[in-house]
Amino acid sequence: MEFLTTMGLEVHCELSTKTKIFCSCSTEFGGEPNTHVCEVCTGMPGSLPMLNEQVVEYAIRTGLATNCTITQYNKFDRKNYFYPDLPKAYQVSQLYMPICQNGHIDIEVNGVKKAIRIKEIHMEEDAGKLIHDPWDDCSLVDYNRCGVPLLEIVSEPDFESGDEVIAYLTKLKSILQYIDVSDCKMEQGSLRADVNLSVRPVGQTELGTRTEMKNINSFKAIARAIEGERKRQIEVITDGKKVVQETRRWDDNKGSSFAMRSKENAQDYRYFPEPDLVPIEISDEWIEKVKNGLPELPTAKKERYIAEYGLPEYDVDIITGSKYLVKIFEKATEICGEPKEVSNWIMGEVLRMASETSTEFEDIKFNPDSLGKLIVILKNKVINRNTAKEVFEKVFTDDIDPEKYIKENGLEMVTDNGAVEAIVKAVIEANPKAVAEFKGGSAKVKGFIIGQCMKQLKGKADPGTVNKIVAEELEKL
Amino acid sequence: MDLNKLTALEAGKMIKNKEISVVDITKAALENIDKTDKNYNCFVTVCHDEAIKKAENIQKGIDDGTFTSPLAGVPMAVKDNMCTKGILTTAGSKILTGFKPFYNSTAVERLENAGAVLLGKLNMDEFAMGSTTETSYYGPTLNPWGENRVPGGSSGGSAVAVATDQTYYSLGSDTGGSIRQPCSFCGITGIKPTYGTVSRYGLLAYASSLDQIGPMGKNVEDVAEVLSIISGHDPKDSTSFNNEPLKFNLENNVKGKRIGIPLDYFGEGLDSDVKNSVLEAAKKFESMGAVVEEFNMSELEYAIPTYYIIACAEASSNLSRYDGVKYGYCTPNFDDLTDLYYKSRSEGFGMEVKRRIMIGAFVLSSGYYDAYYKKALQVKAVIKRAFDNAFEKYDAILSPTAPTTALKMGENLSDPLKMYLGDIYTVSVNLAGIPSMVVPCGFDKQGLPIGLQITGKAFSESTLMNMAYSFQQETDYHLKKPVLKTSKEA
Amino acid sequence: MIIDDKMIDYIGELARLKLKQEEKENAKNEINKIIDYMDVLNTIDTSNIEAMSHAFPVKNVFRKDDVMPSKDRDDILLNAPNKKDGAFKVPKTFE
């Protein structure tokens, strides 16, 4: 039996505001337990929330960047449940009137374009953290993350493959970073996804029973979780059993998911309007102002790069996929005026170095101007391409200034043709056997001679010049 | 002269004129509490040492001109559901055993900034759920006007402490009548201000959309002065209005004021003495130049169910945070987290609180939300509109505060629904968010006080204060004092 | 009788309250009486009425995104019945 898979995604994204959503405590990551807290974010008796305006602004920005309609009159609701990481025993969220609705994000998988619909985006507060203490066989509660603002971005069940999910998440992450609302650091939990997944036999129109997998925090783990859960459900069905609607936890180490205890599945959240907060009314002017402040988004940028610079689509996809690569591209191009060359450097050396040093794009430290300068230096034939690559490694790892570095290390090419000629002559003289072979008609000997010359020149010569002089000198024989 | 019998403003004047020091008046008040409160149980906590220390500081502040309020140096006490920094705050519940907040409620903070001396924390129905002050974990408070009578509630401690001259004034909170009904039962003056007039920051929430703090005192002048100190915008409370603190210029003048008497409030179930006193009061206003007119307000019958649905729903959520983990009572023996939650909460809350939490959980639960909670929010709009319509014609509505005078102790505890019905005249005011004031207007045949409820449209505190002030200029009900038992007699 | 045994157990579970058998019977009766009484609301037509959570139209109350010092950890933990290493201590709980 063939099966179809249908998935929907709920993505939680921590906003990069300075303070929490309802109090003035810092949102800074880390810190000793319970040191970024006050009576409000720990829900002490009598405390009241006061909404951070920046959170609303970021939510509007996100909504506009994902083609949503902004709900101009929206409100907060309480979601009630007991858990030690939730000190008020309710989470302030938005159920009845979320701030953004009916958007979409365009993705492309294997050349096929598709729009993934966004059902809604709502604002809410993050919960705290439970740390297991093996010595005391207890759990310790740290409320530092409590009240950090979150956006929950809920898609429609539009995904049919893991590749689509990854493409969507990649695009969403890049948008959120472009518009500066989140750093999307998955390892710190500032971007995490819940996947709703169901399978059904081909031919069946009605969707199968879905399960939800919570808080998976890397793209690779998500891909594995989807594949694992898909297989599990198919097995259940082919065994003649029924898939149970439940929340499952994906254990990426074991490579399997397990059902969470049924108690946690009994979900009756008793949502009702949060009486401690007042409604939010977003005027046309406010929306217009946020719209005007939005930077150029990935899709528009991609189209412009192709039209304006004639860059290959594949390269543009990679570069515009990350606001950090875009920054390198735009800065370096500004310096050297060679977009194609910059693009080649990014696709070649930048990606290679990032991969070799396991550096995420957002953690790339070097000044993009240096790449531009290096390209100018290369164009002016002060150094050759091999040397340039070596210099770039230094730029990437130590953020050195290429001009200064080349000077200090004497890497400039030998531009005196007389000096090159003298070395070529000396090499020919020192290799009579090779010369004899050349005369005997072996053309590859030329390469050997050039290699020897470059060695003598310590690589600091224009390969074209060396090539030409070697050819001339050999002709003379 | 018996210092404790002075009004708050009289006491403030003596302090200002250096006829008495803040320390001496504080000491006298504390001595009086030690002597009197054994018989009434108004105080959950008396701040003996803190009050004297505070009094010394405030005296300095008055001497150097820091404190200029007419109430500077005057001792007061607050209901035990308002956070007081470093001082036990219990909301009358076992579940808050030992809870000492590290922050002040805004209302208390504002009084302290005006030079008030906090004598202690006042008894109340557990989490303000009740109309008798019998549901407190710290035992019932007794009404000084009659043997074995309840003081009303939930701010019963706040009312009795004023009525027995143990404090010059107090703060109460009113979610469905909890300031007004005890004022009526104890023969004192108080106001539930417009929702959003006094910050709720630091008030242990019962029903957030209805809760409002207000002053309770010996006469209108005192109550007006306290309200002017505690009102005004608070950047910590999103629901507090962006208004300046209230200022009152009291004058004895009700000429031309249009007063409505809602006939539906005078029907079945209303005690005849109460009815007569209130109608007498209306006549008094008429004789003073007001225009009194009867009208119909049939929405009254929906007020109690609407109120209890909303209040219980919000309470079920507000009280979920009391779980034995972060503060307060924690069960000594538990198997796991779930067991700790169940036991701490089941052992920590009293029966009335549990009942309301469960009603609240029910009306919000899946499948019932629309039929109960949403419906109640719609009816709330209907009730608000009925008041809006009434206030197009009238400056104020006169009514009884409660259907009866103070009940016998234990009478309502066994029948919660009967107790809820006693809130008939007060709850609709909270639903509409409007201000409402209570002044003594007579006594029943047994000598128990009767309170007149004067209700106005949003932000009409000045009108209400003036009417109440005028009434007190022409009557002396508010001057009558109960005969107190002292510990010697007990 | 909308509140039957199953329902009283269910709302007890939602509210994390466990009543003794006799309390439960009592609560069931009282709550049923109260809920019955609440049904008077069904006599009023509200089909065209917007649910009103706040009596007054206050809106857009915001705070600026400026960091203020957090509170002292000792204060936060002051009233905690069980604490360890600067954190609230609870029985072992798996996430």
# chains A, B, ... in the order shown; residues from 1 in each chain; ligands from 1
call {"tool": "interface_residues", "arguments": {"of": "chain C", "to": "chain B", "cutoff": "6 Å", "atoms": "only C-alpha atoms", "output": "list of chain:residue names"}}
result
C:Ile11, C:Arg16, C:Leu17, C:Lys18, C:Met38, C:Ile49, C:Glu50, C:Ala51, C:Met52, C:Ala55, C:Val61, C:Asn79, C:Ala80, C:Pro91
call {"tool": "write_last_selection", "arguments": {"atoms": "N, CA and C atoms", "output": "PDB file, in the first residue's frame"}}
result
ATOM      1  N   ILE C  11     -13.802  18.150  36.861  1.00  0.00           N
ATOM      2  CA  ILE C  11     -13.428  19.532  37.198  1.00  0.00           C
ATOM      3  C   ILE C  11     -12.466  19.559  38.385  1.00  0.00           C
ATOM      4  N   ARG C  16      -7.047  20.626  40.065  1.00  0.00           N
ATOM      5  CA  ARG C  16      -6.113  19.983  40.995  1.00  0.00           C
ATOM      6  C   ARG C  16      -6.650  20.055  42.428  1.00  0.00           C
ATOM      7  N   LEU C  17      -7.899  19.633  42.579  1.00  0.00           N
ATOM      8  CA  LEU C  17      -8.522  19.570  43.904  1.00  0.00           C
ATOM      9  C   LEU C  17      -9.105  18.181  44.084  1.00  0.00           C
ATOM     10  N   LYS C  18      -8.814  17.583  45.216  1.00  0.00           N
ATOM     11  CA  LYS C  18      -9.375  16.265  45.508  1.00  0.00           C
ATOM     12  C   LYS C  18     -10.273  16.406  46.734  1.00  0.00           C
ATOM     13  N   MET C  38     -28.021  29.530  37.523  1.00  0.00           N
ATOM     14  CA  MET C  38     -27.362  30.298  36.473  1.00  0.00           C
ATOM     15  C   MET C  38     -28.087  30.176  35.136  1.00  0.00           C
ATOM     16  N   ILE C  49     -25.459  40.421  20.738  1.00  0.00           N
ATOM     17  CA  ILE C  49     -24.665  41.194  21.694  1.00  0.00           C
ATOM     18  C   ILE C  49     -23.236  40.691  21.769  1.00  0.00           C
ATOM     19  N   GLU C  50     -22.327  41.607  21.637  1.00  0.00           N
ATOM     20  CA  GLU C  50     -20.902  41.302  21.697  1.00  0.00           C
ATOM     21  C   GLU C  50     -20.520  40.980  23.146  1.00  0.00           C
ATOM     22  N   ALA C  51     -19.727  39.897  23.328  1.00  0.00           N
ATOM     23  CA  ALA C  51     -19.241  39.573  24.671  1.00  0.00           C
ATOM     24  C   ALA C  51     -18.328  40.705  25.146  1.00  0.00           C
ATOM     25  N   MET C  52     -18.487  41.121  26.405  1.00  0.00           N
ATOM     26  CA  MET C  52     -17.737  42.275  26.896  1.00  0.00           C
ATOM     27  C   MET C  52     -16.836  41.840  28.053  1.00  0.00           C
ATOM     28  N   ALA C  55     -15.381  46.516  30.971  1.00  0.00           N
ATOM     29  CA  ALA C  55     -16.531  47.415  30.959  1.00  0.00           C
ATOM     30  C   ALA C  55     -16.217  48.729  30.238  1.00  0.00           C
ATOM     31  N   VAL C  61      -2.294  49.796  26.042  1.00  0.00           N
ATOM     32  CA  VAL C  61      -1.476  50.206  27.181  1.00  0.00           C
ATOM     33  C   VAL C  61      -0.153  49.442  27.082  1.00  0.00           C
ATOM     34  N   ASN C  79       9.991  32.852  50.038  1.00  0.00           N
ATOM     35  CA  ASN C  79       8.840  32.125  50.580  1.00  0.00           C
ATOM     36  C   ASN C  79       8.732  30.684  50.096  1.00  0.00           C
ATOM     37  N   ALA C  80       9.728  30.233  49.334  1.00  0.00           N
ATOM     38  CA  ALA C  80       9.622  28.895  48.735  1.00  0.00           C
ATOM     39  C   ALA C  80       9.706  27.813  49.807  1.00  0.00           C
ATOM     40  N   PRO C  91       9.291  17.693  43.125  1.00  0.00           N
ATOM     41  CA  PRO C  91       9.555  16.272  42.902  1.00  0.00           C
ATOM     42  C   PRO C  91       9.953  16.037  41.446  1.00  0.00           C
TER      43      PRO C  91
END
call {"tool": "select_by_dssp", "arguments": {"residues": "region 6-91 of chain C", "states": "alpha helix (DSSP H)", "output": "compact mmCIF listing (two decimals) with C-alpha atoms, in the first residue's frame"}}
result
# COMPACT_ATOMS: atom_id res chain seq x y z
CA LYS C 6 -17.86 12.01 36.41
CA MET C 7 -18.09 15.76 35.96
CA ILE C 8 -17.22 16.57 39.56
CA ASP C 9 -14.15 14.35 39.23
CA TYR C 10 -13.25 15.95 35.94
CA ILE C 11 -13.43 19.53 37.20
CA GLY C 12 -11.57 18.43 40.31
CA GLU C 13 -8.82 17.18 38.05
CA LEU C 14 -8.77 20.39 36.03
CA ALA C 15 -8.52 22.41 39.25
CA GLN C 21 -16.30 11.57 49.47
CA GLU C 22 -18.67 13.47 51.74
CA GLU C 23 -17.36 16.84 50.55
CA LYS C 24 -17.80 15.69 47.02
CA GLU C 25 -21.47 14.80 47.49
CA ASN C 26 -22.04 18.13 49.09
CA ALA C 27 -20.18 20.05 46.43
CA LYS C 28 -22.07 18.22 43.72
CA ASN C 29 -25.41 19.23 45.19
CA GLU C 30 -24.42 22.83 45.85
CA ILE C 31 -22.82 23.33 42.48
CA ASN C 32 -25.80 21.80 40.72
CA LYS C 33 -28.11 24.17 42.57
CA ILE C 34 -25.93 27.11 41.60
CA ILE C 35 -25.58 26.02 37.97
CA ASP C 36 -29.36 25.51 37.76
CA TYR C 37 -29.82 29.00 39.05
CA MET C 38 -27.36 30.30 36.47
CA ARG C 73 17.12 35.96 43.94
CA ASP C 74 16.88 35.64 47.70
CA ASP C 75 13.66 37.65 47.57
CA ILE C 76 12.25 35.50 44.78
CA LEU C 77 12.99 32.35 46.77
call {"tool": "residues_around", "arguments": {"residues": "region 8-17 of chain B", "least_positions_apart": "6", "cutoff": "7 Å", "atoms": "only C-alpha atoms", "output": "list in words"}}
result
Pro70, Leu71, Ala72, Gly73, Val74, Tyr168, Tyr169 and Asp222 of chain B
call {"tool": "write_last_selection", "arguments": {"atoms": "C-alpha atoms", "output": "CSV table (one decimal), in the first residue's frame"}}
result
chain,number,residue,atom,x,y,z
B,70,PRO,CA,-3.9,66.0,56.0
B,71,LEU,CA,-3.7,62.3,56.8
B,72,ALA,CA,0.1,62.2,57.5
B,73,GLY,CA,0.8,60.3,60.6
B,74,VAL,CA,-2.7,58.9,61.0
B,168,TYR,CA,-9.0,55.6,61.8
B,169,TYR,CA,-9.7,54.2,58.4
B,222,ASP,CA,-12.2,60.8,55.5
call {"tool": "interface_residues", "arguments": {"of": "chain A", "to": "chain B", "cutoff": "12 Å", "atoms": "only C-alpha atoms", "output": "PyMOL selection string"}}
result
chain A and resi 22-24+38-40+42-52+77-92+137-143+263-264+266-280
call {"tool": "interface_residues", "arguments": {"of": "chain C", "to": "chain A", "cutoff": "6 Å", "atoms": "only C-alpha atoms", "output": "VMD selection string"}}
result
chain C and resid 59 to 60 62 to 65 67 to 68 70 to 71 73 87 to 93
call {"tool": "closest_residue", "arguments": {"among": "B:Ser470, B:Thr7, B:Ser155, B:Thr405", "to": "Lys284 (chain B)", "atoms": "only C-alpha atoms"}}
result
B:Ser470
call {"tool": "closest_residue", "arguments": {"among": "B:Ser184, B:Ser462, B:Tyr477, B:Cys312", "to": "Ala402 (chain B)", "atoms": "only C-alpha atoms"}}
result
B:Ser184
call {"tool": "residues_around", "arguments": {"residues": "region 287-296 of chain B", "least_positions_apart": "6", "cutoff": "8 Å", "atoms": "only C-alpha atoms", "output": "ChimeraX atom specification"}}
result
/B:253-264
call {"tool": "atom_distance", "arguments": {"atom1": "CA of Ser53 (chain C)", "atom2": "CA of Val438 (chain B)"}}
result
26.3 Å
call {"tool": "atom_distance", "arguments": {"atom1": "CA of Ser343 (chain A)", "atom2": "CA of Lys407 (chain A)"}}
result
25.9 Å
